[in-house]
file coords.cif (mmCIF, C-alpha atoms)
data_entry
loop_
_atom_site.group_PDB
_atom_site.id
_atom_site.type_symbol
_atom_site.label_atom_id
_atom_site.label_comp_id
_atom_site.auth_asym_id
_atom_site.auth_seq_id
_atom_site.Cartn_x
_atom_site.Cartn_y
_atom_site.Cartn_z
ATOM 1 C CA MET A 180 25.886 2.641 6.698
ATOM 2 C CA ARG A 181 23.881 3.144 9.877
ATOM 3 C CA LEU A 182 20.230 3.762 9.100
ATOM 4 C CA THR A 183 18.296 6.604 10.676
ATOM 5 C CA LEU A 184 16.186 6.007 13.780
ATOM 6 C CA ALA A 185 12.980 6.363 11.752
ATOM 7 C CA VAL A 186 14.046 3.683 9.266
ATOM 8 C CA ARG A 187 15.299 1.345 11.986
ATOM 9 C CA THR A 188 12.006 1.785 13.833
ATOM 10 C CA ALA A 189 9.971 1.171 10.668
ATOM 11 C CA ASN A 190 11.972 -1.971 9.916
ATOM 12 C CA LYS A 191 10.882 -3.417 13.266
ATOM 13 C CA VAL A 192 7.171 -2.968 12.567
ATOM 14 C CA SER A 193 5.433 -6.323 12.262
ATOM 15 C CA SER A 194 3.023 -7.364 9.546
ATOM 16 C CA LYS A 195 0.363 -7.665 12.231
ATOM 17 C CA ALA A 196 0.915 -4.029 13.213
ATOM 18 C CA LEU A 197 0.498 -2.905 9.605
ATOM 19 C CA SER A 198 -2.666 -4.991 9.313
ATOM 20 C CA SER A 199 -4.117 -3.269 12.366
ATOM 21 C CA CYS A 200 -3.470 0.232 10.973
ATOM 22 C CA PHE A 201 -4.186 -0.101 7.261
ATOM 23 C CA PRO A 202 -6.959 -1.620 5.099
ATOM 24 C CA THR A 203 -7.314 -5.400 5.029
ATOM 25 C CA SER A 204 -10.138 -5.237 2.504
ATOM 26 C CA VAL A 205 -11.170 -2.865 -0.255
ATOM 27 C CA THR A 206 -13.834 -2.632 -2.934
ATOM 28 C CA LEU A 207 -12.672 -1.176 -6.237
ATOM 29 C CA LYS A 208 -15.062 -0.638 -9.142
ATOM 30 C CA ASP A 209 -17.631 -2.789 -7.307
ATOM 31 C CA ILE A 210 -15.219 -5.722 -6.973
ATOM 32 C CA PRO A 211 -14.251 -6.811 -3.421
ATOM 33 C CA TYR A 212 -10.653 -7.659 -2.552
ATOM 34 C CA SER A 213 -8.801 -8.732 0.573
ATOM 35 C CA VAL A 214 -5.436 -7.206 1.463
ATOM 36 C CA ARG A 215 -2.506 -8.805 3.271
ATOM 37 C CA TYR A 216 0.729 -7.327 4.645
ATOM 38 C CA ALA A 217 3.674 -9.720 4.877
ATOM 39 C CA TRP A 218 7.422 -10.044 5.162
ATOM 40 C CA SER A 219 8.924 -12.193 2.409
ATOM 41 C CA SER A 220 9.581 -14.880 5.036
ATOM 42 C CA GLU A 221 5.836 -15.050 5.742
ATOM 43 C CA LEU A 222 4.922 -15.979 2.175
ATOM 44 C CA ILE A 223 4.095 -19.575 1.393
ATOM 45 C CA LYS A 224 5.701 -21.345 -1.570
ATOM 46 C CA GLN A 225 2.576 -20.965 -3.694
ATOM 47 C CA GLU A 226 2.544 -17.191 -3.171
ATOM 48 C CA ARG A 227 6.211 -16.887 -4.051
ATOM 49 C CA GLU A 228 5.678 -18.814 -7.257
ATOM 50 C CA ILE A 229 2.697 -16.678 -8.294
ATOM 51 C CA ILE A 230 4.443 -13.411 -7.394
ATOM 52 C CA PHE A 231 7.500 -14.344 -9.429
ATOM 53 C CA SER A 232 5.344 -15.539 -12.318
ATOM 54 C CA ILE A 233 3.452 -12.223 -12.460
ATOM 55 C CA THR A 234 6.730 -10.280 -12.357
ATOM 56 C CA ASN A 235 8.289 -12.466 -15.029
ATOM 57 C CA ASP A 236 5.264 -12.185 -17.325
ATOM 58 C CA ASN A 237 5.100 -8.395 -16.974
ATOM 59 C CA MET A 238 8.773 -7.434 -16.978
ATOM 60 C CA ARG A 239 11.048 -10.036 -18.535
ATOM 61 C CA GLU A 240 10.724 -8.988 -22.169
ATOM 62 C CA MET A 241 11.217 -5.282 -21.424
ATOM 63 C CA ALA A 242 14.093 -5.902 -19.011
ATOM 64 C CA GLU A 243 15.943 -8.226 -21.401
ATOM 65 C CA SER A 244 16.239 -5.443 -23.972
ATOM 66 C CA SER A 245 17.241 -2.794 -21.414
ATOM 67 C CA SER A 246 20.395 -1.855 -19.528
ATOM 68 C CA MET A 247 18.926 -3.547 -16.456
ATOM 69 C CA ARG A 248 18.844 -6.963 -18.158
ATOM 70 C CA TRP A 249 16.953 -9.922 -16.714
ATOM 71 C CA ASP A 250 18.328 -12.590 -14.435
ATOM 72 C CA ALA A 251 15.664 -14.837 -12.933
ATOM 73 C CA SER A 252 17.811 -15.880 -9.980
ATOM 74 C CA GLU A 253 18.787 -12.303 -9.128
ATOM 75 C CA LYS A 254 15.176 -11.163 -9.412
ATOM 76 C CA GLN A 255 14.030 -13.894 -7.044
ATOM 77 C CA ASN A 256 16.753 -12.963 -4.567
ATOM 78 C CA GLU A 257 15.668 -9.314 -4.736
ATOM 79 C CA LEU A 258 11.963 -10.077 -4.429
ATOM 80 C CA PHE A 259 12.321 -12.446 -1.498
ATOM 81 C CA HIS A 260 15.188 -10.758 0.352
ATOM 82 C CA LYS A 261 14.783 -10.882 4.124
ATOM 83 C CA HIS A 262 14.070 -7.128 4.242
ATOM 84 C CA SER A 263 11.387 -7.230 1.543
ATOM 85 C CA ARG A 264 7.796 -6.506 2.525
ATOM 86 C CA PHE A 265 4.668 -7.133 0.514
ATOM 87 C CA ILE A 266 1.188 -5.725 0.276
ATOM 88 C CA ILE A 267 -0.804 -8.347 -1.596
ATOM 89 C CA VAL A 268 -4.286 -7.866 -3.005
ATOM 90 C CA TYR A 269 -6.407 -10.997 -3.447
ATOM 91 C CA ARG A 270 -9.734 -11.450 -5.145
ATOM 92 C CA ALA A 271 -12.068 -11.761 -2.175
ATOM 93 C CA SER A 272 -14.062 -14.512 -3.861
ATOM 94 C CA GLY A 273 -10.967 -16.679 -4.074
ATOM 95 C CA ASP A 274 -9.421 -18.983 -1.528
ATOM 96 C CA THR A 275 -7.369 -16.515 0.485
ATOM 97 C CA GLU A 276 -6.343 -19.300 2.861
ATOM 98 C CA GLY A 277 -4.682 -20.996 -0.100
ATOM 99 C CA ARG A 278 -3.569 -17.569 -1.277
ATOM 100 C CA ASP A 279 -3.675 -18.590 -4.910
ATOM 101 C CA ASP A 280 -5.893 -15.778 -6.215
ATOM 102 C CA ILE A 281 -3.467 -12.841 -6.226
ATOM 103 C CA ALA A 282 -4.667 -9.865 -8.272
ATOM 104 C CA GLY A 283 -1.632 -7.669 -7.641
ATOM 105 C CA PHE A 284 1.079 -6.741 -5.170
ATOM 106 C CA VAL A 285 3.707 -4.231 -4.234
ATOM 107 C CA MET A 286 7.124 -5.154 -2.824
ATOM 108 C CA PHE A 287 8.934 -2.486 -0.827
ATOM 109 C CA ARG A 288 11.565 -1.802 1.794
ATOM 110 C CA PHE A 289 12.189 1.012 4.242
ATOM 111 C CA ASP A 290 15.557 2.626 3.510
ATOM 112 C CA GLU A 291 17.593 5.832 3.716
ATOM 113 C CA GLU A 292 19.471 7.722 1.026
ATOM 114 C CA TYR A 293 20.929 11.235 0.909
ATOM 115 C CA ASP A 294 19.518 11.994 4.380
ATOM 116 C CA GLU A 295 16.005 11.057 3.292
ATOM 117 C CA ASN A 296 13.935 8.356 4.942
ATOM 118 C CA MET A 297 12.087 6.563 2.184
ATOM 119 C CA ILE A 298 10.020 3.645 1.047
ATOM 120 C CA TYR A 299 11.685 2.088 -1.980
ATOM 121 C CA CYS A 300 9.098 0.417 -4.179
ATOM 122 C CA TYR A 301 10.937 -2.393 -5.972
ATOM 123 C CA GLU A 302 7.920 -3.888 -7.710
ATOM 124 C CA LEU A 303 4.312 -2.969 -8.319
ATOM 125 C CA GLN A 304 2.793 -5.713 -10.437
ATOM 126 C CA LEU A 305 -0.735 -6.672 -11.432
ATOM 127 C CA MET A 306 -2.189 -9.708 -13.124
ATOM 128 C CA LYS A 307 -2.987 -8.777 -16.708
ATOM 129 C CA SER A 308 -6.672 -9.330 -15.913
ATOM 130 C CA SER A 309 -6.399 -6.746 -13.111
ATOM 131 C CA LYS A 310 -5.089 -3.840 -15.185
ATOM 132 C CA ARG A 311 -7.159 -0.632 -14.827
ATOM 133 C CA SER A 312 -8.881 -2.127 -11.798
ATOM 134 C CA GLY A 313 -7.810 0.597 -9.359
ATOM 135 C CA ILE A 314 -5.494 -1.801 -7.521
ATOM 136 C CA GLY A 315 -2.318 0.040 -8.534
ATOM 137 C CA ARG A 316 -3.633 3.373 -7.258
ATOM 138 C CA PHE A 317 -4.819 1.706 -4.043
ATOM 139 C CA LEU A 318 -1.365 0.204 -3.453
ATOM 140 C CA ILE A 319 0.403 3.541 -3.985
ATOM 141 C CA GLU A 320 -2.072 5.307 -1.686
ATOM 142 C CA THR A 321 -1.485 2.657 0.971
ATOM 143 C CA LEU A 322 2.297 2.995 0.622
ATOM 144 C CA SER A 323 1.920 6.761 1.047
ATOM 145 C CA ARG A 324 -0.101 6.295 4.224
ATOM 146 C CA ILE A 325 2.455 3.834 5.586
ATOM 147 C CA GLY A 326 5.258 6.252 4.732
ATOM 148 C CA ALA A 327 3.529 9.130 6.505
ATOM 149 C CA LYS A 328 2.853 7.056 9.624
ATOM 150 C CA TYR A 329 6.466 5.933 9.947
ATOM 151 C CA SER A 330 8.107 9.306 9.182
ATOM 152 C CA MET A 331 9.319 8.565 5.672
ATOM 153 C CA HIS A 332 9.921 11.533 3.369
ATOM 154 C CA CYS A 333 9.037 9.906 0.074
ATOM 155 C CA ILE A 334 8.424 6.827 -2.032
ATOM 156 C CA LYS A 335 11.020 6.123 -4.723
ATOM 157 C CA LEU A 336 11.056 3.651 -7.587
ATOM 158 C CA THR A 337 12.849 2.882 -10.842
ATOM 159 C CA ALA A 338 10.830 2.641 -14.068
ATOM 160 C CA LEU A 339 11.874 1.721 -17.589
ATOM 161 C CA LYS A 340 11.061 4.465 -20.091
ATOM 162 C CA VAL A 341 9.831 1.878 -22.584
ATOM 163 C CA ASN A 342 7.139 0.891 -20.075
ATOM 164 C CA THR A 343 4.935 3.789 -21.131
ATOM 165 C CA LEU A 344 1.794 2.538 -19.385
ATOM 166 C CA ALA A 345 3.610 2.342 -16.046
ATOM 167 C CA MET A 346 5.302 5.715 -16.576
ATOM 168 C CA GLY A 347 1.957 7.336 -17.333
ATOM 169 C CA PHE A 348 0.408 5.740 -14.262
ATOM 170 C CA TYR A 349 3.165 6.908 -11.925
ATOM 171 C CA ILE A 350 2.923 10.486 -13.184
ATOM 172 C CA ALA A 351 -0.863 10.362 -12.788
ATOM 173 C CA VAL A 352 -0.591 9.335 -9.118
ATOM 174 C CA GLY A 353 1.893 12.069 -8.244
ATOM 175 C CA PHE A 354 5.406 10.839 -8.984
ATOM 176 C CA LYS A 355 8.039 13.137 -10.461
ATOM 177 C CA LEU A 356 11.657 12.828 -11.541
ATOM 178 C CA ASP A 357 14.027 12.383 -8.592
ATOM 179 C CA PHE A 358 17.327 14.239 -8.416
ATOM 180 C CA THR A 359 19.145 10.883 -8.322
ATOM 181 C CA SER A 360 17.801 9.911 -11.764
ATOM 182 C CA PRO A 361 20.598 9.889 -14.381
ATOM 183 C CA ASP A 362 18.611 12.176 -16.663
ATOM 184 C CA TYR A 363 17.766 14.721 -13.961
ATOM 185 C CA VAL A 364 18.976 18.235 -14.755
ATOM 186 C CA ASP A 365 19.458 20.774 -11.982
ATOM 187 C CA GLU A 366 17.953 24.011 -13.298
ATOM 188 C CA GLU A 367 20.345 25.980 -11.094
ATOM 189 C CA ASP A 368 23.380 24.405 -12.774
ATOM 190 C CA PRO A 369 23.847 25.955 -16.239
ATOM 191 C CA ASP A 370 26.434 23.318 -17.195
ATOM 192 C CA ALA A 371 24.313 20.326 -16.239
ATOM 193 C CA GLU A 372 23.395 17.889 -18.990
ATOM 194 C CA PRO A 373 21.110 14.855 -18.769
ATOM 195 C CA GLU A 374 22.728 11.441 -18.994
ATOM 196 C CA GLU A 375 21.474 9.092 -21.690
ATOM 197 C CA CYS A 376 19.620 6.219 -20.028
ATOM 198 C CA ASP A 377 16.641 3.957 -20.583
ATOM 199 C CA TYR A 378 15.129 4.313 -17.125
ATOM 200 C CA GLN A 379 14.143 6.984 -14.632
ATOM 201 C CA ILE A 380 14.147 7.176 -10.863
ATOM 202 C CA LEU A 381 10.866 8.683 -9.719
ATOM 203 C CA ARG A 382 9.685 9.975 -6.354
ATOM 204 C CA LYS A 383 6.467 10.852 -4.610
ATOM 205 C CA ASP A 384 6.645 12.925 -1.448
ATOM 206 C CA VAL A 385 4.521 11.737 1.471
#
call {"tool": "encode", "arguments": {"input": "coords.cif", "output": "structure tokens"}}
result
Amino acid sequence: MRLTLAVRTANKVSSKALSSCFPTSVTLKDIPYSVRYAWSSELIKQEREIIFSITNDNMREMAESSSMRWDASEKQNELFHKHSRFIIVYRASGDTEGRDDIAGFVMFRFDEEYDENMIYCYELQLMKSSKRSGIGRFLIETLSRIGAKYSMHCIKLTALKVNTLAMGFYIAVGFKLDFTSPDYVDEEDPDAEPEECDYQILRKDV
């Protein structure tokens, strides 16, 4: 499938260009953080290991008991695919040169589906010590700003229903059920019935 001009243009944007347009530091609840934008290929081994560890700690148990399942190798391939981009938030007091003090991150790609340019958010993960820190909201707000700048229509993501904290967060920051979600029901179709599933596809217009 040939991607739209907007998506192809966005996919050529460098990490340096994102860094020049969007925040590289932020203070949330009186705690300072530094922010980095990177392609997966720009991550050092230590960062990859920490990013996978956070994802594994947060998601493995829920995924193993869901229809999505859990395969460590597949998850690593998805996370560090050549088209994957990261926004990484570090504790500013840590050694950001060593990049071993990650508080949270989002992994996303620019893509197109059903004639919509979109940012697909594959992962938004925080260290357990960083929950309710404001980092998640900051990352979604930054994704929205990136989407608006590069002519995306929306942010989309997939969330497990059992992950009630994440579901509540996404609704609170403006996500709603997308028409591609299996349990979406078109109100204009009287015969439509929701499909039984343990996840939802959510969207936030930008």
call {"tool": "resolve_selection", "arguments": {"input": "coords.cif", "expression": "the PyMOL selection byres ((chain A and resi 357) around 7)", "output": "mmCIF file with C-alpha atoms, in the coordinates of the input"}}
result
data_model
loop_
_atom_site.group_PDB
_atom_site.id
_atom_site.type_symbol
_atom_site.label_atom_id
_atom_site.label_comp_id
_atom_site.auth_asym_id
_atom_site.auth_seq_id
_atom_site.Cartn_x
_atom_site.Cartn_y
_atom_site.Cartn_z
ATOM 1 C CA LYS A 355 8.039 13.137 -10.461
ATOM 2 C CA LEU A 356 11.657 12.828 -11.541
ATOM 3 C CA PHE A 358 17.327 14.239 -8.416
ATOM 4 C CA THR A 359 19.145 10.883 -8.322
ATOM 5 C CA SER A 360 17.801 9.911 -11.764
ATOM 6 C CA TYR A 363 17.766 14.721 -13.961
ATOM 7 C CA ILE A 380 14.147 7.176 -10.863
ATOM 8 C CA LEU A 381 10.866 8.683 -9.719
ATOM 9 C CA ARG A 382 9.685 9.975 -6.354
#
call {"tool": "closest_residue", "arguments": {"input": "coords.cif", "among": "A:Lys307, A:Lys191, A:Arg324, A:Lys335", "to": "Ile281 in chain A", "atoms": "only C-alpha atoms"}}
result
A:Lys307
call {"tool": "atom_distance", "arguments": {"input": "coords.cif", "atom1": "CA of Glu240 in chain A", "atom2": "CA of Ile350 in chain A"}}
result
22.8 Å
call {"tool": "residues_around", "arguments": {"input": "coords.cif", "residues": "Lys195 in chain A", "least_positions_apart": "3", "cutoff": "8 Å", "atoms": "all atoms listed in the file", "output": "JSON list (two decimals) with C-alpha atoms, in the frame of the given file"}}
result
[["chain", "number", "residue", "atom", "x", "y", "z"],
["A", 198, "SER", "CA", -2.67, -4.99, 9.31],
["A", 199, "SER", "CA", -4.12, -3.27, 12.37],
["A", 216, "TYR", "CA", 0.73, -7.33, 4.64]]
call {"tool": "atom_distance", "arguments": {"input": "coords.cif", "atom1": "CA of Met346 in chain A", "atom2": "CA of Ala282 in chain A"}}
result
20.3 Å
call {"tool": "residues_around", "arguments": {"input": "coords.cif", "residues": "Arg311 in chain A", "least_positions_apart": "4", "cutoff": "10 Å", "atoms": "all atoms listed in the file", "output": "ChimeraX atom specification"}}
result
/A:208,305,307,315-316,348
call {"tool": "write_last_selection", "arguments": {"input": "coords.cif", "atoms": "C-alpha atoms", "output": "short mmCIF file (atom, residue, chain, number, x, y, z; two decimals), keeping the file's coordinate frame"}}
result
data_model
loop_
_atom_site.label_atom_id
_atom_site.label_comp_id
_atom_site.auth_asym_id
_atom_site.auth_seq_id
_atom_site.Cartn_x
_atom_site.Cartn_y
_atom_site.Cartn_z
CA LYS A 208 -15.06 -0.64 -9.14
CA LEU A 305 -0.74 -6.67 -11.43
CA LYS A 307 -2.99 -8.78 -16.71
CA GLY A 315 -2.32 0.04 -8.53
CA ARG A 316 -3.63 3.37 -7.26
CA PHE A 348 0.41 5.74 -14.26
#
call {"tool": "atom_distance", "arguments": {"input": "coords.cif", "atom1": "CA of Pro361 in chain A", "atom2": "CA of Glu292 in chain A"}}
result
15.6 Å
call {"tool": "closest_residue", "arguments": {"input": "coords.cif", "among": "A:Phe289, A:Tyr378, A:Tyr329, A:Phe317", "to": "Thr343 in chain A", "atoms": "only C-alpha atoms"}}
result
A:Tyr378
call {"tool": "residues_around", "arguments": {"input": "coords.cif", "residues": "Leu339 in chain A", "least_positions_apart": "4", "cutoff": "12 Å", "atoms": "all atoms listed in the file", "output": "JSON, numbers by chain"}}
result
{"A": [238, 239, 240, 241, 242, 243, 244, 245, 246, 247, 248, 343, 344, 345, 346, 347, 349, 360, 376, 377, 378, 379, 380, 381]}
call {"tool": "closest_atom_pairs", "arguments": {"input": "coords.cif", "of": "range 258-312 of chain A", "to": "range 219-224 of chain A", "cutoff": "10 Å", "atoms": "only C-alpha atoms", "output": "Markdown table"}}
result
| residue | atom | partner | partner_atom | distance |
| --- | --- | --- | --- | --- |
| A:Leu258 | CA | A:Ser219 | CA | 7.8 |
| A:Phe259 | CA | A:Ser219 | CA | 5.2 |
| A:His260 | CA | A:Ser219 | CA | 6.7 |
| A:Lys261 | CA | A:Ser219 | CA | 6.2 |
| A:His262 | CA | A:Ser219 | CA | 7.4 |
| A:Ser263 | CA | A:Ser219 | CA | 5.6 |
| A:Arg264 | CA | A:Ser219 | CA | 5.8 |
| A:Phe265 | CA | A:Ser219 | CA | 6.9 |
| A:Gly277 | CA | A:Ile223 | CA | 9.0 |
| A:Arg278 | CA | A:Ile223 | CA | 8.4 |
| A:Met286 | CA | A:Ser219 | CA | 9.0 |
call {"tool": "residues_around", "arguments": {"input": "coords.cif", "residues": "Leu182 in chain A", "least_positions_apart": "4", "cutoff": "12 Å", "atoms": "all atoms listed in the file", "output": "list in words"}}
result
Val186, Arg187, Thr188, Ala189, Asn190, Phe289, Asp290, Glu291, Glu292, Tyr293, Asp294, Glu295, Asn296 and Met297 of chain A
call {"tool": "resolve_selection", "arguments": {"input": "coords.cif", "expression": "the PyMOL selection byres ((chain A and resi 332) around 8)", "output": "tab-separated table (two decimals) with C-alpha atoms, in the coordinates of the input"}}
result
chain	number	residue	atom	x	y	z
A	295	GLU	CA	16.00	11.06	3.29
A	296	ASN	CA	13.94	8.36	4.94
A	297	MET	CA	12.09	6.56	2.18
A	326	GLY	CA	5.26	6.25	4.73
A	327	ALA	CA	3.53	9.13	6.50
A	330	SER	CA	8.11	9.31	9.18
A	331	MET	CA	9.32	8.56	5.67
A	333	CYS	CA	9.04	9.91	0.07
A	334	ILE	CA	8.42	6.83	-2.03
A	384	ASP	CA	6.64	12.92	-1.45
A	385	VAL	CA	4.52	11.74	1.47
call {"tool": "closest_residue", "arguments": {"input": "coords.cif", "among": "A:Glu228, A:Asp362, A:Asp236, A:Asp280", "to": "Tyr212 in chain A", "atoms": "only C-alpha atoms"}}
result
A:Asp280
call {"tool": "residues_around", "arguments": {"input": "coords.cif", "residues": "Ser312 in chain A", "least_positions_apart": "2", "cutoff": "7 Å", "atoms": "all atoms listed in the file", "output": "list in words"}}
result
Leu207, Lys208, Ser309, Lys310 and Ile314 of chain A
call {"tool": "axis_aligned_box", "arguments": {"input": "coords.cif", "around": "range 232-247 of chain A", "padding_each_side": "3 Å", "output": "AutoDock Vina command-line options"}}
result
--center_x 11.9 --center_y -8.7 --center_z -18.1 --size_x 22.9 --size_y 19.7 --size_z 17.7
call {"tool": "closest_residue", "arguments": {"input": "coords.cif", "among": "A:Ala185, A:Leu336, A:Ala217, A:Ile233", "to": "Ile319 in chain A", "atoms": "all atoms listed in the file"}}
result
A:Leu336
call {"tool": "closest_residue", "arguments": {"input": "coords.cif", "among": "A:Phe231, A:Phe287, A:Phe354, A:Tyr299", "to": "Trp218 in chain A", "atoms": "only C-alpha atoms"}}
result
A:Phe287
call {"tool": "closest_residue", "arguments": {"input": "coords.cif", "among": "A:Val214, A:Ala251, A:Ile230, A:Val364", "to": "Ile267 in chain A", "atoms": "all atoms listed in the file"}}
result
A:Val214
call {"tool": "resolve_selection", "arguments": {"input": "coords.cif", "expression": "the PyMOL selection byres ((chain A and resi 203) around 6)", "output": "count of residues only"}}
result
4
